[in-house]
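Q: Have a look at this one.
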Amino acid sequence: MKNTRKITKVRYGQKAGTITAFITDDNISEIDPFVLWDHFEAKEVVLNTGLDYHGHSGIEAISYPVTGKLRHLDSAGSRVTLASGDIHVMTSGNGVIHKDTMTPNNGYVESFSLWTALPAGETEMSDAISSNISADKLPLVEEEDATTKILVGDFKKETSPIRHSIPLTYLDIMIAPYGVWSFQPENNLTSGFIYVRSGNVYVSGSQLHPRQMGVLEASSLPLEIRTGNLGARIFVTLGEPLHQPFISSGSSVHSSSSNMAVGTQKIRQLMASLRH
C-alpha cells in the first residue's frame, strides 16, 4: 500500500432538526483551523426555510447550497441570492449579523456550511466583508475516474477565484465506480477531513459511508481515495493549522476572552440597529 494519509477518527454528527453538526464545542480544537461543518437538509419543504438575523464574530463562513437557492443578507452589505453550486464567503471579523433563507427545489433543500477560525490579531478583529462567486466561475478538473470542483484553493494547477484568510483547499468531488482519486496537497495543509455525501469510499484501509466525516491525520502525505461499485460524491477540506486558542460561544470563535467580548458587543449593537 502506498504511504498516504490515514483516517484517525470517524464522526457521525449530531442531528438537530434539519442540521447535522460534525464539529462541536467538545471537539472544536481537533481539526484546527476548522471550527464548524454543518450539513443542512430538508425534504417535502413547501415554504422557504432558514434562519432570521443572528450574529457571528471571529470566523470565516463558507456557504455552499447544492439543492435550492440561498438568499443571504448581512450587515457587511451583501444582498445576494445564490443558485445551487454557488459559493458565498463571509468574513465576520469583529462582528456581523446575517439572515439566510433557502428556497426549495421540488420540495428539497440541501446546503453545507464550513467555518474556519480567523488568525489572531488584526484579521480576527477586522471589519466584516462578504463575497460570492457563481458556479460557472469555479474551476472543474476532469480526470479519468473523477471530476473535482475547486471551491476554495488549488488543485492540480487550477485555482479557485475565492480568496480566503488562511491557506485552505475545499473540494467537491465526484468519483466513478471502482475509481481512484489522488492529490498531493501543499506541505502546509496538514489538517483536514473527508465528508461523504453519497456512496462509499476507502481511504488507506478505512471505509467511510454516507453522512460520515473522516478526520485525517495531521500530515503532509498525499491523499488517495477509492470507490467500490457505487461511486461517490465527497468533500475534501484541507487547511493550515492556526495553533491558537479557540474560545467558542457557539456562534462566534475567538483566540481570547477579550476579543470575544468585543465581538459580542458589536453583534448586540448590530441587532439593536435592526429595531430602530
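Labeling convention for the C-alpha cells: chains A, B, ... as they appear, residues from 1 per chain, ligands from 1 in order of appearance.
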For A:Phe246, work out the shell of residues within 12 Å, counting only C-alpha atoms and skipping chain neighbours fewer than 5 positions away, then give it as an MDAnalysis selection string.
A: chainID A and resid 24:36 58:59 116:120 124 241 252:257 259:260
Q: Could the residues in this selection be written to a file with C-alpha atoms, as a short mmCIF file (atom, residue, chain, number, x, y, z; two decimals), in the first residue's frame?
A:
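Generated output (out35.cif):
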```cif
data_model
loop_
_atom_site.label_atom_id
_atom_site.label_comp_id
_atom_site.auth_asym_id
_atom_site.auth_seq_id
_atom_site.Cartn_x
_atom_site.Cartn_y
_atom_site.Cartn_z
CA THR A 24 -18.92 20.95 18.32
CA ASP A 25 -17.53 22.73 21.38
CA ASP A 26 -16.35 19.31 22.64
CA ASN A 27 -14.05 18.69 19.68
CA ILE A 28 -13.50 22.18 18.25
CA SER A 29 -9.70 22.09 18.56
CA GLU A 30 -9.21 18.69 16.89
CA ILE A 31 -9.30 19.87 13.25
CA ASP A 32 -7.66 23.29 13.63
CA PRO A 33 -8.41 25.63 11.75
CA PHE A 34 -11.89 24.18 11.03
CA VAL A 35 -14.47 25.11 13.68
CA LEU A 36 -17.76 24.14 12.00
CA GLY A 58 -14.01 35.68 14.72
CA ILE A 59 -14.85 33.21 11.95
CA THR A 116 -12.61 28.39 9.87
CA ALA A 117 -11.25 30.47 12.71
CA LEU A 118 -9.53 33.71 11.76
CA PRO A 119 -5.85 34.27 12.57
CA ALA A 120 -5.33 36.00 15.91
CA GLU A 124 -9.57 38.24 13.68
CA PRO A 241 -3.44 24.92 11.45
CA SER A 252 -18.53 33.01 17.43
CA VAL A 253 -14.97 31.77 17.89
CA HIS A 254 -12.07 33.88 19.16
CA SER A 255 -8.50 33.48 20.35
CA SER A 256 -9.13 35.39 23.62
CA SER A 257 -11.95 36.26 26.01
CA ASN A 259 -11.84 39.58 21.66
CA MET A 260 -14.98 37.55 22.32
#
```
Q: Could you produce a table of the residues of stretch 12-117 of chain A lying within 12 Å of stretch 134-138 of chain A, with the nearest pair of atoms per residue and their separation in Å rounded to one decimal, using only C-alpha atoms, ordered by chain and increasing residue number, as a Markdown table?
A:
```
| residue | atom | partner | partner_atom | distance |
| --- | --- | --- | --- | --- |
| A:Tyr64 | CA | A:Ala135 | CA | 10.0 |
| A:Pro65 | CA | A:Ala135 | CA | 10.5 |
| A:Val66 | CA | A:Ala135 | CA | 10.3 |
| A:Val80 | CA | A:Ser134 | CA | 10.9 |
| A:Thr81 | CA | A:Ser134 | CA | 10.2 |
| A:Leu82 | CA | A:Ser134 | CA | 7.5 |
| A:Ala83 | CA | A:Ser134 | CA | 7.7 |
| A:Ser84 | CA | A:Ala135 | CA | 7.8 |
| A:Gly85 | CA | A:Ala135 | CA | 5.1 |
| A:Asp86 | CA | A:Ala135 | CA | 4.5 |
| A:Ile87 | CA | A:Ser134 | CA | 6.4 |
| A:His88 | CA | A:Ser134 | CA | 8.7 |
| A:Val89 | CA | A:Ser134 | CA | 11.7 |
```
Q: Please write the residues from the selection above to a file, keeping C-alpha atoms, as a PDB file, in the first residue's frame.
A:
```
ATOM      1  CA  TYR A  64     -22.493  26.238  -0.378  1.00  0.00           C
ATOM      2  CA  PRO A  65     -26.071  25.426  -1.447  1.00  0.00           C
ATOM      3  CA  VAL A  66     -26.221  22.267  -3.560  1.00  0.00           C
ATOM      4  CA  VAL A  80     -27.348  38.119  -2.843  1.00  0.00           C
ATOM      5  CA  THR A  81     -29.273  35.051  -3.975  1.00  0.00           C
ATOM      6  CA  LEU A  82     -27.058  32.033  -4.521  1.00  0.00           C
ATOM      7  CA  ALA A  83     -28.112  29.408  -7.046  1.00  0.00           C
ATOM      8  CA  SER A  84     -27.259  25.756  -6.465  1.00  0.00           C
ATOM      9  CA  GLY A  85     -23.495  25.365  -6.754  1.00  0.00           C
ATOM     10  CA  ASP A  86     -22.594  28.991  -5.998  1.00  0.00           C
ATOM     11  CA  ILE A  87     -20.280  29.932  -3.107  1.00  0.00           C
ATOM     12  CA  HIS A  88     -20.545  32.714  -0.533  1.00  0.00           C
ATOM     13  CA  VAL A  89     -17.751  33.693   1.878  1.00  0.00           C
TER      14      VAL A  89
END
```
Q: Tell me, as JSON, numbers by chain, which residues lie within 12 Å of A:Tyr108, counting only C-alpha atoms; anything in the same chain fewer than 4 positions away does not count.
A: {"A": [18, 40, 41, 42, 43, 44, 45, 46, 47, 48, 49, 65, 66, 67, 68, 69, 84, 102, 103, 104]}
Q: Go through A:Ile7, A:Leu73, A:Ile166, A:Met271 one by one, measure the shortest atom-to-atom distance of each to A:Thr123 using only C-alpha atoms, and give the residue with the smallest value.
A: A:Ile166
Q: Given the choices A:Glu122, A:Asp154, A:Glu143, A:Asp52, which gets closest to A:His98 if the distance is worked out from only C-alpha atoms?
A: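 Among the listed residues, A:Asp52 lies closest to A:His98.
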